[in-house]
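Heads up, protein_34.cif below (mmCIF, C-alpha atoms):
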```cif
data_protein
loop_
_atom_site.label_atom_id
_atom_site.label_comp_id
_atom_site.auth_asym_id
_atom_site.auth_seq_id
_atom_site.Cartn_x
_atom_site.Cartn_y
_atom_site.Cartn_z
CA MET A 1 7.56 -0.34 -25.52
CA GLY A 2 11.28 -1.14 -25.36
CA SER A 3 13.44 -2.45 -22.54
CA VAL A 4 13.06 -1.85 -18.79
CA THR A 5 15.82 -1.81 -16.17
CA SER A 6 15.30 -1.77 -12.40
CA LEU A 7 17.69 -0.35 -9.81
CA ALA A 8 16.92 -1.96 -6.46
CA PHE A 9 18.21 -4.03 -3.55
CA THR A 10 16.84 -7.26 -5.06
CA LYS A 11 16.42 -8.76 -8.51
CA SER A 12 13.13 -7.92 -10.19
CA PRO A 13 10.67 -10.86 -10.12
CA ILE A 14 9.24 -9.72 -13.47
CA ARG A 15 10.55 -11.53 -16.54
CA ASN A 16 12.54 -9.66 -19.21
CA ILE A 17 13.55 -6.86 -16.85
CA LYS A 18 17.26 -6.20 -16.39
CA SER A 19 18.18 -5.72 -12.73
CA ILE A 20 20.96 -3.58 -11.31
CA ILE A 21 21.45 -4.67 -7.70
CA LEU A 22 22.44 -2.26 -4.92
CA GLU A 23 24.23 -3.31 -1.74
CA GLN A 24 22.40 -2.92 1.55
CA LYS A 25 24.94 -1.33 3.84
CA LYS A 26 24.37 -0.52 7.51
CA ASN A 27 26.56 2.33 8.59
CA ILE A 28 26.16 3.73 12.10
CA LEU A 29 28.30 6.78 11.27
CA GLN A 30 26.05 7.64 8.35
CA LYS A 31 22.98 7.35 10.60
CA ILE A 32 24.55 9.80 13.03
CA PHE A 33 25.41 12.13 10.15
CA PHE A 34 21.83 11.81 8.91
CA LEU A 35 20.40 12.87 12.28
CA LEU A 36 22.81 15.79 12.58
CA SER A 37 21.99 16.90 9.02
CA LEU A 38 18.29 16.85 9.79
CA LEU A 39 18.81 18.88 12.95
CA VAL A 40 20.77 21.62 11.14
CA HIS A 41 18.73 21.39 7.91
CA HIS A 42 21.66 20.39 5.66
CA TYR A 43 19.34 18.35 3.50
CA GLU A 44 21.13 18.42 0.16
CA GLU A 45 24.51 17.60 1.66
CA PHE A 46 23.06 14.61 3.42
CA TYR A 47 21.05 13.30 0.45
CA TRP A 48 23.92 13.29 -2.04
CA SER A 49 26.48 11.97 0.45
CA GLN A 50 24.54 8.80 1.20
CA SER A 51 26.45 5.68 0.18
CA ILE A 52 23.36 4.27 -1.55
CA ILE A 53 23.02 7.40 -3.69
CA GLN A 54 26.72 7.40 -4.52
CA GLU A 55 26.53 3.73 -5.48
CA SER A 56 23.46 4.39 -7.65
CA ILE A 57 25.28 7.18 -9.49
CA ARG A 58 28.26 4.90 -10.17
CA LYS A 59 26.12 2.04 -11.44
CA LEU A 60 23.97 4.24 -13.70
CA GLU A 61 26.81 6.51 -14.87
CA ASN A 62 26.79 5.25 -18.46
CA CYS A 63 23.13 4.27 -18.72
CA ASP A 64 21.11 6.45 -21.06
CA PHE A 65 17.35 5.89 -20.59
CA ASP A 66 14.39 7.70 -22.14
CA ILE A 67 12.41 7.78 -18.88
CA PHE A 68 13.56 7.57 -15.27
CA VAL A 69 10.82 6.31 -12.94
CA ALA A 70 11.21 7.41 -9.31
CA ASN A 71 9.55 4.90 -7.00
CA ASP A 72 8.57 7.24 -4.16
CA LEU A 73 10.22 10.46 -2.97
CA ASP A 74 13.55 9.05 -1.78
CA THR A 75 14.58 8.24 -5.36
CA LEU A 76 13.20 11.39 -7.00
CA PRO A 77 16.31 13.64 -6.76
CA LEU A 78 18.39 10.81 -8.22
CA ALA A 79 15.97 10.35 -11.14
CA ILE A 80 16.01 14.10 -11.83
CA TYR A 81 19.81 14.16 -11.73
CA PHE A 82 20.06 11.50 -14.45
CA ALA A 83 17.18 12.92 -16.47
CA GLY A 84 19.02 16.23 -16.61
CA LYS A 85 22.26 14.53 -17.61
CA TYR A 86 20.73 12.49 -20.44
CA LYS A 87 17.91 14.87 -21.45
CA SER A 88 15.36 12.27 -20.35
CA LYS A 89 11.89 12.42 -18.77
CA VAL A 90 10.96 11.87 -15.11
CA PHE A 91 7.98 9.76 -14.01
CA PHE A 92 7.27 10.07 -10.27
CA ASP A 93 5.18 7.32 -8.63
CA ALA A 94 4.05 8.39 -5.14
CA HIS A 95 2.64 5.65 -2.94
CA GLU A 96 1.73 8.10 -0.20
CA TYR A 97 1.70 11.81 0.55
CA ALA A 98 5.41 11.88 1.36
CA PRO A 99 5.65 14.94 3.68
CA LEU A 100 3.16 13.31 6.06
CA GLU A 101 4.16 9.66 5.70
CA PHE A 102 4.53 9.02 9.45
CA ASP A 103 2.88 12.13 10.83
CA ASN A 104 1.46 10.10 13.72
CA ARG A 105 5.01 9.91 15.19
CA TRP A 106 6.17 13.09 16.94
CA TYR A 107 9.89 12.57 16.31
CA TRP A 108 9.25 11.92 12.61
CA LYS A 109 7.28 15.15 12.31
CA TYR A 110 10.12 17.03 13.99
CA LEU A 111 13.08 15.50 12.13
CA HIS A 112 11.87 13.95 8.87
CA GLN A 113 8.89 16.03 7.79
CA PRO A 114 10.94 19.19 7.08
CA PHE A 115 13.39 17.08 5.03
CA ARG A 116 10.53 15.59 2.98
CA GLU A 117 9.00 19.02 2.49
CA HIS A 118 12.36 20.30 1.24
CA LEU A 119 12.62 17.46 -1.30
CA CYS A 120 9.09 18.19 -2.51
CA ARG A 121 9.71 21.93 -2.88
CA GLN A 122 13.04 21.39 -4.59
CA TYR A 123 12.23 18.54 -6.99
CA LEU A 124 8.52 18.07 -7.64
CA LYS A 125 8.44 21.06 -10.00
CA GLN A 126 10.88 19.19 -12.25
CA VAL A 127 8.67 16.11 -12.64
CA ASN A 128 7.20 15.48 -16.11
CA VAL A 129 4.39 13.18 -15.00
CA MET A 130 3.20 11.80 -11.67
CA THR A 131 0.96 9.02 -10.40
CA THR A 132 -0.42 8.15 -6.98
CA VAL A 133 -2.83 5.64 -5.45
CA CYS A 134 -6.02 7.58 -4.70
CA ASN A 135 -7.90 10.83 -5.23
CA GLY A 136 -7.35 12.18 -1.72
CA ILE A 137 -3.56 12.03 -2.03
CA ALA A 138 -3.70 13.39 -5.59
CA GLU A 139 -5.73 16.37 -4.38
CA LYS A 140 -3.22 17.04 -1.58
CA TYR A 141 -0.29 17.17 -4.04
CA LYS A 142 -2.34 19.47 -6.24
CA GLU A 143 -3.22 21.76 -3.32
CA GLU A 144 0.31 21.99 -1.91
CA TYR A 145 2.51 21.75 -5.02
CA GLN A 146 0.21 22.54 -7.97
CA LEU A 147 0.67 19.06 -9.47
CA HIS A 148 -1.94 17.00 -11.29
CA PRO A 149 -1.20 13.33 -10.54
CA TYR A 150 -2.91 10.48 -12.35
CA VAL A 151 -4.55 7.93 -10.03
CA ILE A 152 -3.40 4.33 -10.54
CA LEU A 153 -5.06 1.80 -8.24
CA ASN A 154 -2.83 -0.70 -6.44
CA SER A 155 -4.71 -3.72 -7.74
CA PRO A 156 -3.49 -7.28 -8.48
CA GLU A 157 -3.38 -9.08 -11.81
CA TYR A 158 -6.76 -10.43 -12.88
CA GLN A 159 -7.40 -14.05 -11.93
CA GLU A 160 -10.48 -16.11 -12.71
CA ILE A 161 -11.51 -17.22 -9.25
CA LYS A 162 -14.52 -19.45 -8.78
CA TYR A 163 -17.50 -18.16 -6.83
CA GLN A 164 -17.58 -19.94 -3.48
CA PRO A 165 -20.88 -19.33 -1.67
CA ILE A 166 -21.41 -19.89 2.02
CA SER A 167 -23.84 -22.72 2.68
CA SER A 168 -23.93 -22.75 6.49
CA GLN A 169 -24.39 -20.21 9.27
CA ASN A 170 -21.54 -21.84 11.16
CA ASN A 171 -17.80 -21.13 10.79
CA ILE A 172 -17.99 -18.01 8.64
CA ARG A 173 -14.36 -17.06 8.24
CA LEU A 174 -12.92 -13.53 8.29
CA ILE A 175 -9.39 -12.93 6.96
CA HIS A 176 -6.87 -10.11 7.24
CA HIS A 177 -3.48 -10.23 5.55
CA GLY A 178 -0.48 -7.91 5.25
CA ASN A 179 2.42 -6.57 7.27
CA ALA A 180 2.42 -7.03 11.03
CA SER A 181 2.89 -3.33 11.70
CA PRO A 182 2.16 -1.96 15.19
CA ASP A 183 1.37 1.41 13.57
CA ARG A 184 -1.76 -0.16 12.08
CA ASN A 185 -3.15 -1.20 15.47
CA LEU A 186 -4.17 -4.68 14.34
CA GLU A 187 -5.35 -5.25 17.92
CA LYS A 188 -8.52 -3.42 16.89
CA MET A 189 -9.50 -6.31 14.63
CA VAL A 190 -8.95 -8.83 17.41
CA GLU A 191 -11.17 -6.60 19.59
CA ILE A 192 -14.02 -7.14 17.14
CA MET A 193 -14.34 -10.74 18.24
CA PRO A 194 -16.04 -10.41 21.68
CA ASP A 195 -18.89 -8.55 19.96
CA LEU A 196 -19.12 -10.86 16.96
CA GLU A 197 -21.60 -13.72 16.97
CA THR A 198 -20.05 -17.15 17.51
CA ARG A 199 -20.69 -18.10 13.86
CA PHE A 200 -17.70 -15.92 12.92
CA GLU A 201 -14.00 -16.65 13.34
CA LEU A 202 -11.00 -14.46 12.46
CA HIS A 203 -7.86 -15.48 10.57
CA PHE A 204 -4.61 -13.55 10.15
CA MET A 205 -1.95 -14.07 7.48
CA LEU A 206 0.78 -11.67 8.56
CA LEU A 207 4.30 -10.92 7.38
CA GLY A 208 7.25 -9.90 9.57
CA ASN A 209 7.61 -8.67 13.17
CA PRO A 210 7.31 -11.95 15.16
CA LYS A 211 7.18 -10.07 18.48
CA TYR A 212 4.11 -8.12 17.41
CA ILE A 213 2.44 -11.25 16.04
CA GLN A 214 3.05 -12.94 19.39
CA LYS A 215 1.46 -9.96 21.13
CA LEU A 216 -1.63 -10.36 18.91
CA LYS A 217 -1.77 -14.08 19.71
CA ILE A 218 -1.68 -13.38 23.46
CA LEU A 219 -4.49 -10.83 23.12
CA SER A 220 -6.53 -13.26 20.98
CA ASN A 221 -6.21 -16.05 23.51
CA LYS A 222 -7.26 -13.67 26.26
CA ILE A 223 -10.38 -12.08 24.73
CA ALA A 224 -11.40 -14.56 22.02
CA PRO A 225 -9.99 -18.02 22.81
CA ASN A 226 -10.21 -20.57 19.97
CA ARG A 227 -11.73 -18.00 17.59
CA VAL A 228 -8.63 -16.29 16.15
CA PHE A 229 -6.12 -18.18 14.00
CA PHE A 230 -2.71 -17.25 12.58
CA HIS A 231 -1.28 -18.57 9.32
CA ALA A 232 2.07 -18.32 7.57
CA PRO A 233 2.21 -15.82 4.68
CA VAL A 234 2.20 -17.11 1.10
CA GLN A 235 3.97 -15.94 -2.04
CA THR A 236 2.54 -12.80 -3.64
CA THR A 237 1.26 -14.77 -6.64
CA MET A 238 -0.77 -17.03 -4.32
CA ILE A 239 -2.38 -14.36 -2.12
CA CYS A 240 -5.72 -14.00 -3.91
CA ARG A 241 -6.27 -17.73 -4.40
CA THR A 242 -5.45 -18.32 -0.74
CA LEU A 243 -7.84 -15.57 0.35
CA SER A 244 -10.62 -17.06 -1.80
CA ARG A 245 -10.92 -19.93 0.70
CA TYR A 246 -12.34 -17.44 3.23
CA ASP A 247 -15.61 -15.51 3.33
CA LEU A 248 -15.04 -11.92 4.47
CA GLY A 249 -11.98 -9.69 4.05
CA VAL A 250 -11.75 -7.39 7.07
CA TYR A 251 -9.80 -4.20 7.72
CA LEU A 252 -10.15 -1.64 10.49
CA LEU A 253 -7.57 1.11 9.95
CA GLU A 254 -7.92 4.09 12.26
CA PRO A 255 -7.33 7.51 10.61
CA LEU A 256 -4.16 8.22 12.58
CA GLY A 257 -2.54 10.72 10.26
CA PHE A 258 -3.10 11.91 6.71
CA ASN A 259 -2.02 8.80 4.81
CA TYR A 260 -4.06 6.44 6.98
CA THR A 261 -7.06 8.73 6.56
CA TYR A 262 -6.79 8.40 2.77
CA ALA A 263 -5.42 4.85 2.65
CA MET A 264 -6.16 2.78 -0.45
CA PRO A 265 -4.17 -0.42 0.26
CA ASN A 266 -3.61 -3.30 -2.10
CA LYS A 267 -5.27 -5.67 0.39
CA LEU A 268 -8.66 -4.11 -0.44
CA PHE A 269 -8.25 -5.11 -4.08
CA ASP A 270 -6.88 -8.51 -3.04
CA PHE A 271 -10.12 -9.11 -1.09
CA ILE A 272 -12.16 -8.12 -4.13
CA MET A 273 -10.10 -10.24 -6.55
CA ALA A 274 -10.51 -13.20 -4.19
CA GLY A 275 -14.30 -12.88 -4.30
CA LEU A 276 -14.77 -11.97 -0.64
CA CYS A 277 -17.40 -9.86 1.03
CA VAL A 278 -15.45 -6.83 2.29
CA ALA A 279 -15.96 -5.48 5.83
CA ILE A 280 -14.21 -2.22 6.67
CA ALA A 281 -14.24 0.86 8.87
CA PRO A 282 -15.33 4.09 7.11
CA SER A 283 -11.92 4.94 5.61
CA LEU A 284 -12.70 7.58 2.98
CA GLU A 285 -11.17 6.03 -0.14
CA MET A 286 -11.90 2.39 0.68
CA LYS A 287 -15.49 3.23 1.59
CA LYS A 288 -16.10 4.71 -1.85
CA ILE A 289 -14.91 1.54 -3.60
CA VAL A 290 -16.97 -0.77 -1.39
CA GLU A 291 -20.13 1.31 -1.77
CA ASP A 292 -19.71 1.96 -5.50
CA TYR A 293 -19.37 -1.76 -6.25
CA GLN A 294 -21.70 -2.94 -3.44
CA CYS A 295 -19.16 -5.60 -2.52
CA GLY A 296 -19.22 -5.27 1.26
CA VAL A 297 -20.25 -3.40 4.38
CA VAL A 298 -18.90 -0.24 6.01
CA ALA A 299 -19.05 0.49 9.75
CA LYS A 300 -20.49 3.75 11.07
CA ASP A 301 -17.27 4.62 12.90
CA PHE A 302 -13.81 3.26 13.66
CA SER A 303 -14.65 1.33 16.82
CA PRO A 304 -14.43 -2.49 16.86
CA GLN A 305 -18.00 -2.56 18.15
CA SER A 306 -19.28 -0.65 15.12
CA LEU A 307 -17.59 -2.99 12.66
CA ALA A 308 -18.85 -6.02 14.59
CA LYS A 309 -22.40 -4.64 14.39
CA VAL A 310 -22.48 -4.42 10.57
CA ILE A 311 -20.90 -7.88 10.24
CA ASN A 312 -23.41 -9.43 12.65
CA ALA A 313 -26.26 -7.97 10.57
CA LEU A 314 -25.19 -9.93 7.48
CA SER A 315 -27.26 -12.91 6.39
CA ILE A 316 -25.80 -15.76 4.33
CA GLU A 317 -27.68 -14.44 1.30
CA GLU A 318 -26.19 -10.96 1.73
CA ILE A 319 -22.66 -12.29 2.16
CA ASN A 320 -23.02 -14.42 -0.97
CA ALA A 321 -24.43 -11.51 -2.98
CA LYS A 322 -21.46 -9.35 -1.98
CA LYS A 323 -19.03 -12.14 -2.82
CA ARG A 324 -20.53 -12.22 -6.33
CA ALA A 325 -20.30 -8.43 -6.53
CA SER A 326 -16.57 -8.61 -5.67
CA LEU A 327 -15.93 -11.07 -8.49
CA GLU A 328 -17.69 -8.72 -10.91
CA ALA A 329 -15.77 -5.72 -9.59
CA ALA A 330 -12.49 -7.61 -10.05
CA LYS A 331 -13.06 -7.53 -13.81
CA VAL A 332 -12.39 -3.78 -13.79
CA LEU A 333 -10.32 -3.36 -10.59
CA ASN A 334 -7.20 -5.17 -11.76
CA ALA A 335 -3.61 -4.58 -12.84
CA GLU A 336 -4.37 -5.09 -16.53
CA ILE A 337 -6.80 -2.16 -16.57
CA GLU A 338 -4.47 0.02 -14.50
CA GLY A 339 -1.52 -1.08 -16.65
CA GLN A 340 -3.27 0.22 -19.76
CA LYS A 341 -3.48 3.62 -18.08
CA ILE A 342 0.26 3.55 -17.35
CA GLN A 343 1.07 2.54 -20.92
CA LYS A 344 -0.87 5.51 -22.26
CA ILE A 345 0.87 7.85 -19.81
CA LEU A 346 4.28 6.54 -20.93
CA LYS A 347 3.44 6.79 -24.64
CA ASP A 348 2.21 10.36 -24.22
CA LEU A 349 5.31 11.20 -22.21
CA LEU A 350 7.64 9.90 -24.92
CA LYS A 351 5.80 11.93 -27.54
CA SER A 352 5.98 15.18 -25.55
#
```
Take the structure in this file and express it as structure tokens.
Amino acid sequence: MGSVTSLAFTKSPIRNIKSIILEQKKNILQKIFFLLSLLVHHYEEFYWSQSIIQESIRKLENCDFDIFVANDLDTLPLAIYFAGKYKSKVFFDAHEYAPLEFDNRWYWKYLHQPFREHLCRQYLKQVNVMTTVCNGIAEKYKEEYQLHPYVILNSPEYQEIKYQPISSQNNIRLIHHGNASPDRNLEKMVEIMPDLETRFELHFMLLGNPKYIQKLKILSNKIAPNRVFFHAPVQTTMICRTLSRYDLGVYLLEPLGFNYTYAMPNKLFDFIMAGLCVAIAPSLEMKKIVEDYQCGVVAKDFSPQSLAKVINALSIEEINAKKRASLEAAKVLNAEIEGQKIQKILKDLLKS
């Protein structure tokens, strides 16, 4: 479909994509200006004065593209600026419902939410096509801004992973992977362990925030000694094969805010691609996937005790059946299938 160029802080890992690299500058004066701009609602002045936006404009000044893809709201005004200049199209990819991204933080709601709402009001009406990660977020954009986003699942590339059944009641291994973010309250998964039968052990493969990881280790040693293990993260291309060595993929994400309520994270699809039995709290979007494909169990509520109860109820035969179901589901829940949807969207956009 032609050439692709990325504008980002790092070189694209995808072959045959030209990369334009931006400098990561830390400027305390600009941060102060940002806060003052938010307080007095000078949103446009702040946005276009940012050094990163100015640098982007310089580096794309003579680049004429057919489609500008805005990767989340922060890049949307920039994409619309260039699309207007070159009579191009704008494709907006929203990973979350941007006005409520961190609505569980009071200062963010006070300072950042009005800024995000301004950007949405000002620029979303100029978007030609839009995608997002789940139906709940798509419906929210439709309700608030009369948009009709396509849903593209955040799933990994398909890999043929061998079915690995459990043969023993002992040492059934749970795994959770992802960012070590305190906002996600990963302590709740450690708190599952006192109520889990001794045949289960929990493993973490976390990225970033060493202080928070250390906090989780201290809690684990206190309430579940010798039953919780921490591992170094692996490269993105190795995640699913690494996960396939485990038995259950576990995630307890409390609905603290809009985006957590409707979360549809890539780790869910990593679990499925890896052929794991999935064990989750009743998060609305994740629950639908797990129940539709019968590839796991869903707790009654968001307490650690509730999730422990449904895991304890699993027999070896049930775990193995759900592991098989995940491998079948992976044949349709993968990047190739979702990529075909994106290709059609792009082709239709170019024709319009």
- Message: Need the shell around A:Glu160: protein/DNA/RNA residues with any atom at most 12 Å away, counting only C-alpha atoms. Skip same-chain ones fewer than 6 positions apart. Format as a ChimeraX atom specification?
- Response: /A:240-241,244,272-275,326-328,330-331,334
Next, dump the selected residues to file, keeping only C-alpha atoms, as a PDB file, in the frame of the given file.
```pdb
ATOM      1  CA  CYS A 240      -5.720 -14.000  -3.910  1.00  0.00           C
ATOM      2  CA  ARG A 241      -6.270 -17.730  -4.400  1.00  0.00           C
ATOM      3  CA  SER A 244     -10.620 -17.060  -1.800  1.00  0.00           C
ATOM      4  CA  ILE A 272     -12.160  -8.120  -4.130  1.00  0.00           C
ATOM      5  CA  MET A 273     -10.100 -10.240  -6.550  1.00  0.00           C
ATOM      6  CA  ALA A 274     -10.510 -13.200  -4.190  1.00  0.00           C
ATOM      7  CA  GLY A 275     -14.300 -12.880  -4.300  1.00  0.00           C
ATOM      8  CA  SER A 326     -16.570  -8.610  -5.670  1.00  0.00           C
ATOM      9  CA  LEU A 327     -15.930 -11.070  -8.490  1.00  0.00           C
ATOM     10  CA  GLU A 328     -17.690  -8.720 -10.910  1.00  0.00           C
ATOM     11  CA  ALA A 330     -12.490  -7.610 -10.050  1.00  0.00           C
ATOM     12  CA  LYS A 331     -13.060  -7.530 -13.810  1.00  0.00           C
ATOM     13  CA  ASN A 334      -7.200  -5.170 -11.760  1.00  0.00           C
TER      14      ASN A 334
END
```
- Name the residues captured by the PyMOL selection byres ((chain A and resi 219-226) around 9) when it is applied to the shown file; answer as a VMD selection string. chain A and resid 187 190 to 191 193 to 194 201 214 to 218 227 to 229
Please save C-alpha atoms of the selected residues as a PDB file, in the coordinates of the input.
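And here's result10.pdb as it stands now:
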```pdb
ATOM      1  CA  GLU A 187      -5.350  -5.250  17.920  1.00  0.00           C
ATOM      2  CA  VAL A 190      -8.950  -8.830  17.410  1.00  0.00           C
ATOM      3  CA  GLU A 191     -11.170  -6.600  19.590  1.00  0.00           C
ATOM      4  CA  MET A 193     -14.340 -10.740  18.240  1.00  0.00           C
ATOM      5  CA  PRO A 194     -16.040 -10.410  21.680  1.00  0.00           C
ATOM      6  CA  GLU A 201     -14.000 -16.650  13.340  1.00  0.00           C
ATOM      7  CA  GLN A 214       3.050 -12.940  19.390  1.00  0.00           C
ATOM      8  CA  LYS A 215       1.460  -9.960  21.130  1.00  0.00           C
ATOM      9  CA  LEU A 216      -1.630 -10.360  18.910  1.00  0.00           C
ATOM     10  CA  LYS A 217      -1.770 -14.080  19.710  1.00  0.00           C
ATOM     11  CA  ILE A 218      -1.680 -13.380  23.460  1.00  0.00           C
ATOM     12  CA  ARG A 227     -11.730 -18.000  17.590  1.00  0.00           C
ATOM     13  CA  VAL A 228      -8.630 -16.290  16.150  1.00  0.00           C
ATOM     14  CA  PHE A 229      -6.120 -18.180  14.000  1.00  0.00           C
TER      15      PHE A 229
END
```
- Å distance separating atom CA of A:Phe258 from atom CA of A:Thr132, one decimal place: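 Spanning atom CA of A:Phe258 to atom CA of A:Thr132 is a straight-line distance of 14.4 Å.
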- So, counting only C-alpha atoms, which residue among A:Tyr47, A:Tyr158, A:Tyr260, A:Tyr97 is closest to A:Tyr141?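 Answer, going by the shortest atom-to-atom distance: A:Tyr97.
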- In Å, with one decimal, what is the gap from atom CA of A:Lys341 to atom CA of A:Val151?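 Interatomic distance here is 9.2 Å.
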- Message: Evaluated on this file, the PyMOL selection byres ((chain A and resi 92-95) around 8) picks out some residues - which ones are they, written as a list in words?
- Response: Val69, Ala70, Asn71, Asp72, Leu73, Leu76, Val90, Phe91, Glu96, Tyr97, Ala98, Val127, Asn128, Val129, Met130, Thr131, Thr132 and Val133 of chain A
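One distance worth recording is that between atom CA of A:Phe302 and atom CA of A:Ile280, which is 8.9 Å.
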- Item | Polymer residues at most 10 Å from A:Ser283, all atoms listed in the file, same-chain spacing of 3 or more positions, as a ChimeraX atom specification | /A:251-255,260-264,280,286-288,298-299,301-302
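Counting all atoms listed in the file and comparing A:Leu256, A:Val278, A:Ile67, A:Ile137, the residue that lies closest to A:Asp348 is A:Ile67.
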Repair of stretch 55-66 of chain A at the level of N, CA and C atoms, as an mmCIF file, in the frame of the given file:
```cif
data_model
loop_
_atom_site.group_PDB
_atom_site.id
_atom_site.type_symbol
_atom_site.label_atom_id
_atom_site.label_comp_id
_atom_site.auth_asym_id
_atom_site.auth_seq_id
_atom_site.Cartn_x
_atom_site.Cartn_y
_atom_site.Cartn_z
ATOM 1 N N GLU A 55 26.469 4.993 -4.760
ATOM 2 C CA GLU A 55 26.530 3.730 -5.480
ATOM 3 C C GLU A 55 25.601 3.742 -6.695
ATOM 4 N N SER A 56 24.416 4.300 -6.533
ATOM 5 C CA SER A 56 23.460 4.390 -7.650
ATOM 6 C C SER A 56 24.033 5.219 -8.791
ATOM 7 N N ILE A 57 24.678 6.318 -8.459
ATOM 8 C CA ILE A 57 25.280 7.180 -9.490
ATOM 9 C C ILE A 57 26.370 6.416 -10.242
ATOM 10 N N ARG A 58 27.195 5.669 -9.511
ATOM 11 C CA ARG A 58 28.260 4.900 -10.170
ATOM 12 C C ARG A 58 27.679 3.837 -11.107
ATOM 13 N N LYS A 59 26.650 3.147 -10.657
ATOM 14 C CA LYS A 59 26.120 2.040 -11.440
ATOM 15 C C LYS A 59 25.271 2.493 -12.628
ATOM 16 N N LEU A 60 24.775 3.726 -12.586
ATOM 17 C CA LEU A 60 23.970 4.240 -13.700
ATOM 18 C C LEU A 60 24.740 5.269 -14.538
ATOM 19 N N GLU A 61 26.031 5.420 -14.266
ATOM 20 C CA GLU A 61 26.810 6.510 -14.870
ATOM 21 C C GLU A 61 26.771 6.501 -16.389
ATOM 22 N N ASN A 62 26.772 5.332 -17.001
ATOM 23 C CA ASN A 62 26.790 5.250 -18.460
ATOM 24 C C ASN A 62 25.514 4.649 -19.014
ATOM 25 N N CYS A 63 24.429 4.808 -18.291
ATOM 26 C CA CYS A 63 23.130 4.270 -18.720
ATOM 27 C C CYS A 63 22.236 5.413 -19.199
ATOM 28 N N ASP A 64 21.908 5.389 -20.461
ATOM 29 C CA ASP A 64 21.110 6.450 -21.060
ATOM 30 C C ASP A 64 19.693 5.929 -21.301
ATOM 31 N N PHE A 65 18.731 6.344 -20.464
ATOM 32 C CA PHE A 65 17.350 5.890 -20.590
ATOM 33 C C PHE A 65 16.449 7.039 -21.057
ATOM 34 N N ASP A 66 15.343 6.683 -21.679
ATOM 35 C CA ASP A 66 14.390 7.700 -22.140
ATOM 36 C C ASP A 66 13.557 8.253 -20.998
#
```
